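Student: Contents are compact mmCIF, C-alpha atoms; file name input-v2.txt:
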# COMPACT_ATOMS: atom_id res chain seq x y z
CA MET Z 1 -112.99 -12.61 -191.10
CA ALA Z 2 -110.08 -12.05 -188.74
CA HIS Z 3 -112.28 -11.92 -185.63
CA ASP Z 4 -114.36 -14.99 -186.51
CA TRP Z 5 -113.43 -18.47 -185.36
CA SER Z 6 -115.06 -21.88 -185.14
CA ARG Z 7 -114.32 -25.32 -183.78
CA TYR Z 8 -116.18 -28.39 -185.03
CA TRP Z 9 -116.68 -31.94 -183.79
CA ARG Z 10 -118.37 -34.86 -185.55
CA SER Z 11 -119.14 -38.34 -184.24
CA PRO Z 12 -117.61 -41.03 -186.45
CA ASP Z 13 -120.53 -43.43 -186.07
CA ARG Z 14 -123.68 -41.50 -185.09
CA PRO Z 15 -125.64 -38.51 -186.45
CA LEU Z 16 -124.19 -36.19 -183.82
CA GLU Z 17 -122.16 -33.02 -184.43
CA ALA Z 18 -121.22 -29.96 -182.42
CA MET Z 19 -119.74 -26.54 -183.13
CA HIS Z 20 -118.33 -23.80 -180.91
CA ALA Z 21 -117.92 -20.49 -182.71
CA HIS Z 22 -117.62 -16.73 -182.49
CA PHE Z 23 -118.88 -14.66 -185.40
CA GLU Z 24 -118.77 -10.94 -185.95
CA ARG Z 25 -118.87 -10.71 -189.74
CA HIS Z 26 -120.07 -14.13 -190.87
CA VAL Z 27 -123.64 -14.28 -192.16
CA TYR Z 28 -125.38 -17.63 -192.53
CA HIS Z 29 -127.22 -18.13 -195.79
CA ARG Z 30 -130.75 -19.39 -195.27
CA HIS Z 31 -130.56 -23.14 -194.73
CA SER Z 32 -131.89 -26.04 -192.70
CA HIS Z 33 -130.53 -29.21 -191.11
CA GLU Z 34 -131.73 -32.78 -191.34
CA THR Z 35 -131.18 -32.97 -187.59
CA TYR Z 36 -132.57 -31.36 -184.48
CA SER Z 37 -130.29 -28.45 -183.62
CA PHE Z 38 -130.00 -27.09 -180.09
CA GLY Z 39 -127.79 -24.10 -179.37
CA VAL Z 40 -126.93 -21.80 -176.51
CA THR Z 41 -125.63 -18.25 -176.94
CA GLU Z 42 -122.72 -17.66 -174.59
CA ALA Z 43 -121.95 -14.00 -175.28
CA GLY Z 44 -123.37 -11.22 -177.41
CA ALA Z 45 -126.52 -11.76 -179.43
CA GLN Z 46 -127.44 -13.33 -182.73
CA SER Z 47 -130.45 -12.51 -184.87
CA PHE Z 48 -132.17 -14.79 -187.34
CA SER Z 49 -135.44 -15.43 -189.10
CA CYS Z 50 -137.29 -18.72 -188.77
CA ARG Z 51 -140.86 -19.76 -189.62
CA GLY Z 52 -141.70 -16.33 -190.95
CA SER Z 53 -140.64 -14.36 -187.86
CA ALA Z 54 -137.54 -12.54 -186.65
CA HIS Z 55 -135.83 -13.73 -183.46
CA THR Z 56 -132.85 -12.77 -181.31
CA SER Z 57 -130.95 -15.09 -179.00
CA ALA Z 58 -129.03 -13.15 -176.36
CA ALA Z 59 -126.48 -14.51 -173.90
CA GLY Z 60 -127.90 -17.39 -171.88
CA MET Z 61 -130.76 -18.15 -174.27
CA VAL Z 62 -131.38 -21.51 -175.93
CA MET Z 63 -132.24 -22.09 -179.59
CA ALA Z 64 -134.27 -25.11 -180.71
CA PHE Z 65 -134.68 -26.00 -184.38
CA ASN Z 66 -136.72 -28.92 -185.69
CA PRO Z 67 -135.37 -30.93 -188.64
CA GLU Z 68 -135.76 -28.94 -191.87
CA ASP Z 69 -136.57 -25.67 -190.04
CA SER Z 70 -135.12 -23.12 -192.46
CA HIS Z 71 -133.28 -20.20 -190.88
CA ASP Z 72 -130.46 -17.73 -191.43
CA GLY Z 73 -128.30 -15.93 -188.87
CA HIS Z 74 -125.95 -13.05 -188.16
CA ALA Z 75 -124.54 -11.01 -185.31
CA THR Z 76 -127.03 -8.55 -183.85
CA ASP Z 77 -124.36 -5.86 -183.49
CA ALA Z 78 -120.69 -5.20 -184.25
CA LEU Z 79 -119.52 -7.03 -181.11
CA GLY Z 80 -120.62 -10.35 -182.53
CA PHE Z 81 -121.72 -13.44 -180.64
CA THR Z 82 -120.29 -16.66 -179.28
CA TYR Z 83 -122.40 -19.81 -179.25
CA ARG Z 84 -122.39 -23.56 -178.94
CA ILE Z 85 -124.69 -25.76 -181.02
CA VAL Z 86 -125.34 -29.50 -181.12
CA HIS Z 87 -126.91 -31.27 -184.12
CA ILE Z 88 -128.67 -34.50 -183.14
CA GLY Z 89 -130.21 -36.93 -185.63
CA PRO Z 90 -133.94 -37.65 -185.19
CA GLU Z 91 -133.20 -41.33 -184.58
CA LEU Z 92 -130.96 -40.44 -181.63
CA VAL Z 93 -133.67 -38.19 -180.20
CA ALA Z 94 -136.28 -40.94 -180.59
CA GLY Z 95 -133.97 -43.51 -179.02
CA ALA Z 96 -133.16 -41.31 -176.02
CA LEU Z 97 -136.84 -40.59 -175.38
CA ALA Z 98 -137.65 -44.30 -175.62
CA ASP Z 99 -134.91 -45.06 -173.08
CA VAL Z 100 -136.30 -42.47 -170.68
CA SER Z 101 -139.98 -43.36 -171.03
CA GLY Z 102 -139.67 -47.09 -171.65
CA ARG Z 103 -141.75 -46.84 -174.83
CA ARG Z 104 -141.70 -45.29 -178.28
CA THR Z 105 -143.08 -41.77 -177.99
CA GLY Z 106 -142.52 -40.31 -181.44
CA LEU Z 107 -140.61 -37.15 -182.22
CA PRO Z 108 -141.00 -33.81 -180.41
CA LEU Z 109 -142.00 -30.52 -181.97
CA PHE Z 110 -140.42 -27.25 -180.83
CA ALA Z 111 -142.69 -24.32 -181.59
CA ALA Z 112 -140.46 -21.54 -180.19
CA PRO Z 113 -137.01 -21.18 -181.81
CA VAL Z 114 -135.71 -19.23 -178.79
CA VAL Z 115 -136.22 -20.27 -175.17
CA ALA Z 116 -135.09 -18.41 -172.05
CA ASP Z 117 -134.23 -21.25 -169.65
CA PRO Z 118 -131.00 -21.13 -167.60
CA ALA Z 119 -131.26 -24.81 -166.64
CA LEU Z 120 -131.44 -25.89 -170.27
CA ALA Z 121 -128.60 -23.55 -171.17
CA GLY Z 122 -126.45 -25.17 -168.52
CA ALA Z 123 -127.33 -28.69 -169.69
CA LEU Z 124 -126.48 -27.84 -173.28
CA ARG Z 125 -123.15 -26.29 -172.30
CA ALA Z 126 -122.23 -29.40 -170.30
CA LEU Z 127 -123.14 -31.74 -173.17
CA HIS Z 128 -121.32 -29.61 -175.71
CA ALA Z 129 -118.16 -29.38 -173.61
CA ALA Z 130 -118.15 -33.16 -173.17
CA LEU Z 131 -118.51 -33.76 -176.91
CA LEU Z 132 -115.60 -31.48 -177.80
CA ASP Z 133 -113.40 -32.80 -175.00
CA GLY Z 134 -111.65 -35.88 -176.35
CA GLY Z 135 -110.88 -37.03 -172.83
CA THR Z 136 -114.52 -37.40 -171.77
CA PRO Z 137 -115.45 -41.11 -171.47
CA ALA Z 138 -118.01 -42.34 -173.99
CA LEU Z 139 -120.32 -43.43 -171.18
CA ARG Z 140 -120.39 -39.91 -169.76
CA ARG Z 141 -121.13 -38.44 -173.18
CA ASP Z 142 -124.06 -40.82 -173.61
CA GLU Z 143 -125.41 -39.99 -170.16
CA LEU Z 144 -125.29 -36.27 -170.87
CA LEU Z 145 -126.85 -36.74 -174.32
CA THR Z 146 -129.83 -38.67 -172.97
CA ALA Z 147 -130.33 -36.33 -170.02
CA THR Z 148 -130.13 -33.21 -172.20
CA ILE Z 149 -132.58 -34.53 -174.80
CA ALA Z 150 -135.02 -35.49 -172.07
CA ALA Z 151 -134.70 -32.09 -170.40
CA ILE Z 152 -135.14 -30.02 -173.53
CA VAL Z 153 -138.19 -32.03 -174.61
CA ARG Z 154 -139.72 -31.80 -171.15
CA ARG Z 155 -139.08 -28.08 -170.73
CA ALA Z 156 -139.32 -26.66 -174.25
CA ALA Z 157 -141.23 -28.95 -176.63
CA ALA Z 158 -144.73 -27.80 -177.59
CA SER Z 159 -145.82 -31.41 -177.94
CA PRO Z 160 -144.16 -34.67 -176.92
CA VAL Z 161 -144.95 -36.09 -180.34
CA ARG Z 162 -144.43 -34.40 -183.66
CA GLU Z 163 -147.70 -34.13 -185.51
CA ARG Z 164 -147.49 -35.76 -188.92
CA ARG Z 165 -149.08 -33.82 -191.73
CA GLU Z 166 -149.30 -34.40 -195.42
CA ARG Z 167 -147.04 -32.34 -197.60
CA SER Z 168 -148.61 -31.02 -200.76
CA ALA Z 169 -148.30 -33.50 -203.62
CA SER Z 170 -146.48 -31.04 -205.86
CA ALA Z 171 -143.94 -30.10 -203.16
CA ARG Z 172 -143.23 -33.77 -202.44
CA ALA Z 173 -142.78 -34.58 -206.11
CA ALA Z 174 -140.48 -31.60 -206.64
CA ARG Z 175 -138.41 -32.50 -203.60
CA GLN Z 176 -138.03 -36.08 -204.83
CA LEU Z 177 -136.82 -34.87 -208.21
CA LEU Z 178 -134.25 -32.65 -206.53
CA HIS Z 179 -133.01 -35.62 -204.52
CA ASP Z 180 -132.95 -37.96 -207.53
CA ARG Z 181 -131.11 -35.47 -209.75
CA MET Z 182 -129.11 -33.57 -207.18
CA THR Z 183 -126.20 -32.63 -209.46
CA ASP Z 184 -128.25 -31.93 -212.60
CA ASP Z 185 -128.82 -28.38 -213.78
CA LEU Z 186 -132.58 -28.53 -213.28
CA THR Z 187 -134.91 -25.69 -214.25
CA ILE Z 188 -138.22 -24.61 -212.82
CA ASP Z 189 -139.75 -26.00 -216.02
CA ASP Z 190 -138.38 -29.43 -215.08
CA LEU Z 191 -140.09 -29.19 -211.69
CA ALA Z 192 -143.33 -28.00 -213.27
CA ARG Z 193 -143.38 -30.91 -215.71
CA GLU Z 194 -142.62 -33.40 -212.94
CA THR Z 195 -145.44 -32.10 -210.75
CA GLY Z 196 -147.97 -31.32 -213.46
CA THR Z 197 -148.37 -27.73 -212.26
CA SER Z 198 -147.29 -24.29 -213.40
CA ARG Z 199 -143.86 -22.90 -212.65
CA TYR Z 200 -145.28 -20.40 -210.18
CA ALA Z 201 -147.48 -22.99 -208.48
CA VAL Z 202 -144.65 -25.47 -207.86
CA TYR Z 203 -142.35 -22.70 -206.62
CA ARG Z 204 -144.98 -21.38 -204.22
CA ALA Z 205 -145.90 -24.86 -202.92
CA PHE Z 206 -142.26 -25.84 -202.40
CA HIS Z 207 -141.35 -22.66 -200.59
CA ALA Z 208 -144.43 -22.94 -198.36
CA GLU Z 209 -143.60 -26.53 -197.36
CA TYR Z 210 -139.83 -26.39 -196.96
CA GLY Z 211 -139.11 -22.72 -196.26
CA LEU Z 212 -136.59 -22.46 -199.11
CA PRO Z 213 -136.73 -21.89 -202.87
CA PRO Z 214 -136.03 -25.07 -204.86
CA SER Z 215 -132.65 -23.69 -205.95
CA ASP Z 216 -131.51 -23.17 -202.35
CA TYR Z 217 -132.78 -26.60 -201.39
CA GLN Z 218 -130.83 -28.22 -204.25
CA ARG Z 219 -127.66 -26.38 -203.25
CA GLN Z 220 -128.19 -27.51 -199.67
CA LEU Z 221 -128.47 -31.14 -200.79
CA ARG Z 222 -125.19 -30.77 -202.65
CA LEU Z 223 -123.53 -29.24 -199.60
CA ARG Z 224 -124.77 -31.99 -197.31
CA ARG Z 225 -123.37 -34.56 -199.71
CA ALA Z 226 -120.11 -32.63 -199.96
CA ARG Z 227 -119.80 -32.59 -196.19
CA ALA Z 228 -120.27 -36.37 -196.04
CA LEU Z 229 -117.66 -36.94 -198.76
CA ILE Z 230 -115.13 -34.67 -197.08
CA ALA Z 231 -115.67 -36.45 -193.76
CA ALA Z 232 -115.04 -39.75 -195.56
CA GLY Z 233 -111.70 -38.48 -196.85
CA THR Z 234 -112.53 -37.45 -200.42
CA PRO Z 235 -110.26 -34.62 -201.62
CA ILE Z 236 -112.03 -31.28 -201.69
CA SER Z 237 -111.43 -30.73 -205.42
CA GLU Z 238 -112.94 -34.13 -206.22
CA THR Z 239 -115.83 -33.44 -203.86
CA ALA Z 240 -116.61 -30.20 -205.70
CA ALA Z 241 -116.77 -31.99 -209.03
CA ALA Z 242 -118.86 -34.85 -207.63
CA THR Z 243 -121.48 -32.59 -206.07
CA GLY Z 244 -122.20 -30.20 -208.93
CA PHE Z 245 -120.06 -27.20 -207.99
CA ALA Z 246 -118.10 -25.35 -210.65
CA ASP Z 247 -114.79 -25.75 -208.83
CA GLN Z 248 -113.24 -25.93 -205.37
CA SER Z 249 -113.52 -22.19 -204.75
CA HIS Z 250 -117.23 -22.30 -205.62
CA LEU Z 251 -117.74 -25.13 -203.11
CA THR Z 252 -115.67 -23.33 -200.48
CA ARG Z 253 -117.67 -20.12 -200.79
CA TRP Z 254 -121.03 -21.81 -200.30
CA PHE Z 255 -119.80 -24.34 -197.71
CA THR Z 256 -118.62 -21.46 -195.53
CA ARG Z 257 -121.89 -19.55 -195.90
CA TYR Z 258 -123.93 -22.58 -194.84
CA PHE Z 259 -121.75 -24.21 -192.18
CA GLY Z 260 -119.63 -21.39 -190.78
CA LEU Z 261 -116.23 -22.91 -191.64
CA THR Z 262 -114.30 -23.79 -194.78
CA PRO Z 263 -114.18 -27.33 -196.23
CA GLY Z 264 -110.52 -27.52 -195.22
CA ALA Z 265 -111.27 -26.54 -191.63
CA TYR Z 266 -114.11 -29.06 -191.53
CA ARG Z 267 -111.82 -31.81 -192.86
CA ARG Z 268 -109.23 -31.07 -190.18
CA ALA Z 269 -111.91 -31.00 -187.47
CA VAL Z 270 -113.38 -34.40 -188.32
CA SER Z 271 -110.13 -36.21 -189.19
Now, as a test, write the supplied structure out as structure tokens.
Tutor:
Amino acid sequence: MAHDWSRYWRSPDRPLEAMHAHFERHVYHRHSHETYSFGVTEAGAQSFSCRGSAHTSAAGMVMAFNPEDSHDGHATDALGFTYRIVHIGPELVAGALADVSGRRTGLPLFAAPVVADPALAGALRALHAALLDGGTPALRRDELLTATIAAIVRRAAASPVRERRERSASARAARQLLHDRMTDDLTIDDLARETGTSRYAVYRAFHAEYGLPPSDYQRQLRLRRARALIAAGTPISETAAATGFADQSHLTRWFTRYFGLTPGAYRRAVS
């Protein structure tokens, strides 16, 4: 991927990460984040599917993903795309909204994955640039973070408070098993026994609730854990063994497909 590049930043003490990248050939495997993810396309266009529909974010457009919104992504044409994206933990979003409003307001819900709003695009670019610039004072970063969260909720959220809804019992039970036995070689029969349903029923319920097959969700859990271990300084080969991957090359292949950079590049970025 000679024409692809990426630059990553990760806060050492808060659930806050940012990436600046250009991709022509890279294709994101379908995945989700435990964070809110807000991006702005700077050049070109990227296409992706999210919540059962196809979307394209062209230059100047903003992307808004809720936590656990499953999506993929690739360049719309051979020229590729350049974009900036910020991943913000739900607790940081809630805290910023409480600071702005003076009360707890709950979490926002973004119904549209793509928003055409030049003001928001500018705010996201300013926040992103401040995060990646090591010379920006911490106070300025915090100011921009709070202001950007407030702006994107005010201008793009479908509701100021995320509506809570009950997940299906079988999907919840299957998800818990995947979390509890993240590195085990589970089968669909294991999930069916745990949930007391048929193999087809648990697969269908899980996919409907989380937007991913159970196998993809399990791999994603392993990759999230691998990312945390690498950030903490664990050698990549040891990380691969500890998170259920066959070897370092297996981890590297999937890490790149999900996060857009290799484990080694991620380690260098967050060191």
Student: Contacts of Z:Ala171 at 7 Å or less, counting all atoms listed in the file, minus same-chain residues fewer than 4 places along, as a short mmCIF file (atom, residue, chain, number, x, y, z; two decimals) with C-alpha atoms, in the frame of the given file?
Tutor:
data_model
loop_
_atom_site.label_atom_id
_atom_site.label_comp_id
_atom_site.auth_asym_id
_atom_site.auth_seq_id
_atom_site.Cartn_x
_atom_site.Cartn_y
_atom_site.Cartn_z
CA ARG Z 167 -147.04 -32.34 -197.60
CA ARG Z 175 -138.41 -32.50 -203.60
CA VAL Z 202 -144.65 -25.47 -207.86
CA ALA Z 205 -145.90 -24.86 -202.92
CA PHE Z 206 -142.26 -25.84 -202.40
CA GLU Z 209 -143.60 -26.53 -197.36
#
Student: Between Z:Gln176, Z:Ser70, Z:Thr41, Z:Thr148, which residue has the minimum interatomic distance to Z:His29, considering all atoms listed in the file?
Tutor: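 Of Z:Gln176, Z:Ser70, Z:Thr41, Z:Thr148, the one nearest Z:His29, counting all atoms listed in the file, is Z:Ser70.
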Student: Just want the 10 Å neighbourhood of stretch 73-83 of chain Z, counted on all atoms listed in the file, with same-chain residues fewer than 6 positions away dropped. Output as number ranges by chain.
Tutor: Z: 3-6, 19-31, 39-50, 55-62, 125, 258
Student: Between atom CA of Z:Leu229 and atom CA of Z:Phe259, what is the distance in Å, rounded to a tenth?
Tutor: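 Atom-to-atom, atom CA of Z:Leu229 and atom CA of Z:Phe259 are spaced 14.9 Å apart.
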Student: For a cut-off of 10 Å around (-115.3, -45.4, -189.7), file coordinates, pick out all residues using only C-alpha atoms and list them as a PyMOL selection string.
Tutor: chain Z and resi 11-13+231-232
